[in-house]
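*Asks:* Sending over a structure as structure tokens; questions will come in a sec.
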Amino acid sequence: MGKFSLLLSLSVVGAVTILAFQGNQTSVDTRERQSLRQGKVIARQIARSGYNSVLSEAHKADGPDKEVGQVVSAVDTVQGEYEGGTYKAWLKKISSSAYTAVSVSRFSVADSLVEYRMGGYANNTMKEPTVETPSQLNVTFEQSVAGYCSAVYLKRVKPGTKPENQPDPEMVFPPGKDRNGASASYEKTIEPGTGLNFILAVDKGCDADYPYDFPGDYDHVQRSFKQDVDKLNTMREAPYGMVEETTIGSSDGWRVAFEDQRIHSKNELWDIKENGYPGNNGWRLNNGLRDLEEHGGVPDFNDQVFNVALADPNSGST
């Protein structure tokens, strides 16, 4: 065999070896992502078990003659094991007449520790949703009950990009109302490390001409997160939106809920987010998510509620 043929053969063998390695590595990475997603689901179930356990203890300690402080003091931290993980749960006094339950779970998967916290809404500490792998996203309305027209925009906060070079908000849903069950896709591939800020743009009269100019053609704009002026591209939770991490099918995702009116003070908004509706002992949960309902003259966060699911751009579907 000539030197050229030998070199060519070695090059082909090397290329095949590299491609095989890359293929195996991609498979490993995919399996790890799937394991972590499943780990989040299990960690959430574990946290729910702890949450239910401590509430059960609270109901045993409660009574018509008991003050909130007495109930909270009577219930120790509840610890347990469930589905191969562990949880700690406790009560938190949130006012003179109410308490809430908090549960934190831990579950090991793929050499990583997954934690999930349920209950005890922490004021202004929710981190903005961040894409971990190249993704497209789908938005599906769970609830759309307000009489105003509103549009949904996505503001991407790209890593390593100055604020002035960040992309402008992009429309995902055009203005409309009564959209229960409606879906729309944002089909551009979003790069890893990108933060997601969901924006509700409200048109009270539903009378602006198309195409809508953002934000000028809207009466007001509600952001789920706002720019932290002290830190580059750092986002802090805003008062009008409520974002909760969830798992939709096999995908990571979030439920985004908005109070779409501007008639409540920021203190009222934060009070509801922290403590739940008046008369409740914190937030009632439904499948681990806050149970949103129409609640009269207080912020209810059920005006526009939608689920956001991430999808692999190479999967062929969103």
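Residue numbers start at 1 in each chain; chains themselves are named A, B, ... in the order of the structure tokens; ligands are numbered from 1 in the order shown.
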Hey, what's within 7 Å of Arg106 in chain A if we count only C-alpha atoms and toss same-chain stuff fewer than 4 positions away? As a list of chain:residue names, please?
*Replies:*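 The residues that qualify are A:Ala43, A:Gly85, A:Thr86, A:Tyr87, A:Leu113, A:Val114, A:Glu115, A:Tyr116.
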*Asks:* Atoms to include: N, CA, C and O atoms. Write the selected residues as a PDB file, in the first residue's frame.
*Replies:*
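The resulting part_34.pdb:
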ATOM      1  N   ALA A  43     -38.624  14.743  42.002  1.00  0.00           N
ATOM      2  CA  ALA A  43     -38.365  15.661  43.114  1.00  0.00           C
ATOM      3  C   ALA A  43     -39.623  16.450  43.462  1.00  0.00           C
ATOM      4  O   ALA A  43     -39.897  16.726  44.632  1.00  0.00           O
ATOM      5  N   GLY A  85     -36.017   9.594  47.417  1.00  0.00           N
ATOM      6  CA  GLY A  85     -35.468  10.888  47.806  1.00  0.00           C
ATOM      7  C   GLY A  85     -35.912  11.253  49.214  1.00  0.00           C
ATOM      8  O   GLY A  85     -36.554  10.453  49.913  1.00  0.00           O
ATOM      9  N   THR A  86     -35.567  12.442  49.638  1.00  0.00           N
ATOM     10  CA  THR A  86     -35.915  12.893  50.982  1.00  0.00           C
ATOM     11  C   THR A  86     -36.601  14.259  50.920  1.00  0.00           C
ATOM     12  O   THR A  86     -36.450  14.997  49.948  1.00  0.00           O
ATOM     13  N   TYR A  87     -37.340  14.565  51.987  1.00  0.00           N
ATOM     14  CA  TYR A  87     -37.968  15.884  52.073  1.00  0.00           C
ATOM     15  C   TYR A  87     -37.909  16.402  53.506  1.00  0.00           C
ATOM     16  O   TYR A  87     -37.797  15.638  54.466  1.00  0.00           O
ATOM     17  N   LEU A 113     -27.645  16.472  42.127  1.00  0.00           N
ATOM     18  CA  LEU A 113     -28.655  16.576  43.172  1.00  0.00           C
ATOM     19  C   LEU A 113     -29.741  17.542  42.709  1.00  0.00           C
ATOM     20  O   LEU A 113     -29.467  18.715  42.431  1.00  0.00           O
ATOM     21  N   VAL A 114     -30.957  17.052  42.599  1.00  0.00           N
ATOM     22  CA  VAL A 114     -32.091  17.868  42.179  1.00  0.00           C
ATOM     23  C   VAL A 114     -32.873  18.273  43.426  1.00  0.00           C
ATOM     24  O   VAL A 114     -33.233  17.420  44.246  1.00  0.00           O
ATOM     25  N   GLU A 115     -33.129  19.567  43.580  1.00  0.00           N
ATOM     26  CA  GLU A 115     -33.934  20.069  44.685  1.00  0.00           C
ATOM     27  C   GLU A 115     -35.204  20.714  44.134  1.00  0.00           C
ATOM     28  O   GLU A 115     -35.189  21.293  43.049  1.00  0.00           O
ATOM     29  N   TYR A 116     -36.277  20.601  44.907  1.00  0.00           N
ATOM     30  CA  TYR A 116     -37.535  21.236  44.503  1.00  0.00           C
ATOM     31  C   TYR A 116     -38.178  21.825  45.741  1.00  0.00           C
ATOM     32  O   TYR A 116     -38.299  21.155  46.774  1.00  0.00           O
TER      33      TYR A 116
END
*Asks:* If you count only C-alpha atoms, which residues fall within 12 Å of Tyr82 in chain A, apart from same-chain ones fewer than 5 positions away, as a list in words?
*Replies:*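 Listing them by chain and then by number gives Ile42, Ala43, Arg44, Gln45, Ile46, Ala47, Arg48, Ser49, Gly50, Ser53, Tyr87, Lys88, Ser105, Arg106 and Phe107 of chain A.
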*Asks:* I'd like the contact shell of range 254-258 of chain A - 6 Å cut-off, only C-alpha atoms, skipping same-chain residues fewer than 4 positions apart - returned as an mmCIF file with N, CA, C and O atoms, in the first residue's frame.
*Replies:*
data_model
loop_
_atom_site.group_PDB
_atom_site.id
_atom_site.type_symbol
_atom_site.label_atom_id
_atom_site.label_comp_id
_atom_site.auth_asym_id
_atom_site.auth_seq_id
_atom_site.Cartn_x
_atom_site.Cartn_y
_atom_site.Cartn_z
ATOM 1 N N TYR A 240 -46.502 42.056 38.520
ATOM 2 C CA TYR A 240 -47.746 41.710 37.836
ATOM 3 C C TYR A 240 -47.786 40.276 37.305
ATOM 4 O O TYR A 240 -48.852 39.782 36.961
ATOM 5 N N GLY A 241 -46.629 39.614 37.207
ATOM 6 C CA GLY A 241 -46.597 38.264 36.674
ATOM 7 C C GLY A 241 -46.174 37.258 37.722
ATOM 8 O O GLY A 241 -45.455 37.586 38.665
ATOM 9 N N MET A 242 -46.600 36.023 37.567
ATOM 10 C CA MET A 242 -46.238 34.955 38.490
ATOM 11 C C MET A 242 -45.817 33.746 37.663
ATOM 12 O O MET A 242 -46.613 33.186 36.903
ATOM 13 N N VAL A 243 -44.551 33.350 37.789
ATOM 14 C CA VAL A 243 -43.982 32.281 36.986
ATOM 15 C C VAL A 243 -43.646 31.106 37.896
ATOM 16 O O VAL A 243 -43.022 31.276 38.945
ATOM 17 N N GLU A 244 -44.075 29.913 37.493
ATOM 18 C CA GLU A 244 -43.795 28.705 38.267
ATOM 19 C C GLU A 244 -43.215 27.646 37.347
ATOM 20 O O GLU A 244 -43.726 27.410 36.252
ATOM 21 N N GLU A 245 -42.158 26.998 37.815
ATOM 22 C CA GLU A 245 -41.537 25.936 37.036
ATOM 23 C C GLU A 245 -42.434 24.714 37.052
ATOM 24 O O GLU A 245 -43.039 24.367 38.060
ATOM 25 N N THR A 246 -42.518 24.048 35.923
ATOM 26 C CA THR A 246 -43.347 22.854 35.833
ATOM 27 C C THR A 246 -42.707 21.899 34.842
ATOM 28 O O THR A 246 -41.649 22.169 34.283
ATOM 29 N N PHE A 301 -54.416 37.051 39.515
ATOM 30 C CA PHE A 301 -53.423 36.393 38.667
ATOM 31 C C PHE A 301 -54.016 35.285 37.791
ATOM 32 O O PHE A 301 -53.304 34.392 37.352
ATOM 33 N N GLN A 304 -54.803 36.046 32.569
ATOM 34 C CA GLN A 304 -54.183 35.407 31.411
ATOM 35 C C GLN A 304 -53.143 34.422 31.943
ATOM 36 O O GLN A 304 -52.169 34.823 32.569
ATOM 37 N N VAL A 305 -53.370 33.139 31.707
ATOM 38 C CA VAL A 305 -52.494 32.085 32.225
ATOM 39 C C VAL A 305 -52.122 31.170 31.071
ATOM 40 O O VAL A 305 -53.001 30.660 30.364
ATOM 41 N N PHE A 306 -50.827 30.969 30.873
ATOM 42 C CA PHE A 306 -50.412 30.089 29.777
ATOM 43 C C PHE A 306 -49.218 29.239 30.189
ATOM 44 O O PHE A 306 -48.435 29.597 31.066
ATOM 45 N N ASN A 307 -49.123 28.080 29.548
ATOM 46 C CA ASN A 307 -48.017 27.148 29.776
ATOM 47 C C ASN A 307 -46.994 27.277 28.668
ATOM 48 O O ASN A 307 -47.342 27.419 27.488
ATOM 49 N N VAL A 308 -45.729 27.219 29.059
ATOM 50 C CA VAL A 308 -44.617 27.313 28.114
ATOM 51 C C VAL A 308 -43.847 26.003 28.155
ATOM 52 O O VAL A 308 -43.373 25.588 29.224
#
*Asks:* If we count only C-alpha atoms and set the cut-off at 8 Å, which residues sit around Leu196 in chain A, ignoring sequence neighbours fewer than 5 positions away in its own chain? Please answer as number ranges by chain.
*Replies:* A: 128-131, 154-157
*Asks:* Choose the residue, out of A:Ala151, A:Ala184, A:Ala309, A:Leu55, that has the smallest atom-to-atom separation from Ala101 in chain A; count only C-alpha atoms.
*Replies:*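 Residue with the minimum atom-to-atom distance to Ala101 in chain A: A:Leu55.
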*Asks:* Just the strand (DSSP E) stuff from range 38-251 of chain A, please, per backbone DSSP, written as a ChimeraX atom specification.
*Replies:* /A:78-82,85-95,98-109,112-119,135-144,149-157,170-176,183-190,195-203,220-223,225-227,235-237,241-248,251
*Asks:* A:Phe198, A:Tyr148, A:Gly276, A:Tyr218: which is nearest Glu237 in chain A, counting only C-alpha atoms?
*Replies:* A:Phe198
*Asks:* Mind checking which residues fall within 7 Å of range 178-183 of chain A, counting only C-alpha atoms, ignoring those fewer than 3 positions away in the same chain, and posting them as a list in words?
*Replies:*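 Answer for this query is Val139, Thr140, Phe141, Glu142, Gln143, Ser144 and Val145 of chain A.
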*Asks:* Pick out the residues sitting within 12 Å of Asn286 in chain A, and hand them over as a ChimeraX atom specification; count only C-alpha atoms, and ignore anything fewer than 3 positions along from it in its own chain.
*Replies:* /A:48,52,118-119,246,283,289-293
*Asks:* Which residues, written as a VMD selection string, have at least one atom at most 10 Å from Thr189 in chain A, with only C-alpha atoms counted and residues fewer than 5 positions away on the same chain left out?
*Replies:* chain A and resid 133 to 137 311 to 314
*Asks:* With only C-alpha atoms as the atoms that count, which of A:Phe225, A:Val152, A:Pro159, A:Gly253 lies nearest to Tyr212 in chain A?
*Replies:*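 Nearest candidate to Tyr212 in chain A out of A:Phe225, A:Val152, A:Pro159, A:Gly253: A:Val152.
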*Asks:* Just give me the gap between CA of Gly296 in chain A and CA of Pro239 in chain A in Å, one decimal is fine.
*Replies:*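 Distance between the two atoms: 18.4 Å.
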*Asks:* Dump as a tab-separated table the rows for residues of range 191-212 of chain A within 10 Å of range 170-174 of chain A: closest atom pair and distance in Å with one decimal, only C-alpha atoms counted, ordered by chain and rising residue number.
*Replies:*
residue	atom	partner	partner_atom	distance
A:Phe198	CA	A:Val172	CA	9.6
A:Ile199	CA	A:Met171	CA	9.2
A:Leu200	CA	A:Phe173	CA	9.6
A:Ala201	CA	A:Pro174	CA	9.6
A:Tyr210	CA	A:Pro174	CA	9.6
A:Pro211	CA	A:Pro174	CA	9.4
A:Tyr212	CA	A:Pro174	CA	8.6
*Asks:* Closest to Thr234 in chain A among A:Thr194, A:Ser265, A:Asn165, A:Ser35, using only C-alpha atoms?
*Replies:*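 Checking each candidate against Thr234 in chain A, we get A:Thr194 as the closest.
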*Asks:* Would you please extract all alpha helix (DSSP H) residues from range 90-317 of chain A, as assigned by DSSP on the backbone, and give them as a PyMOL selection string?
*Replies:* chain A and resi 266-275
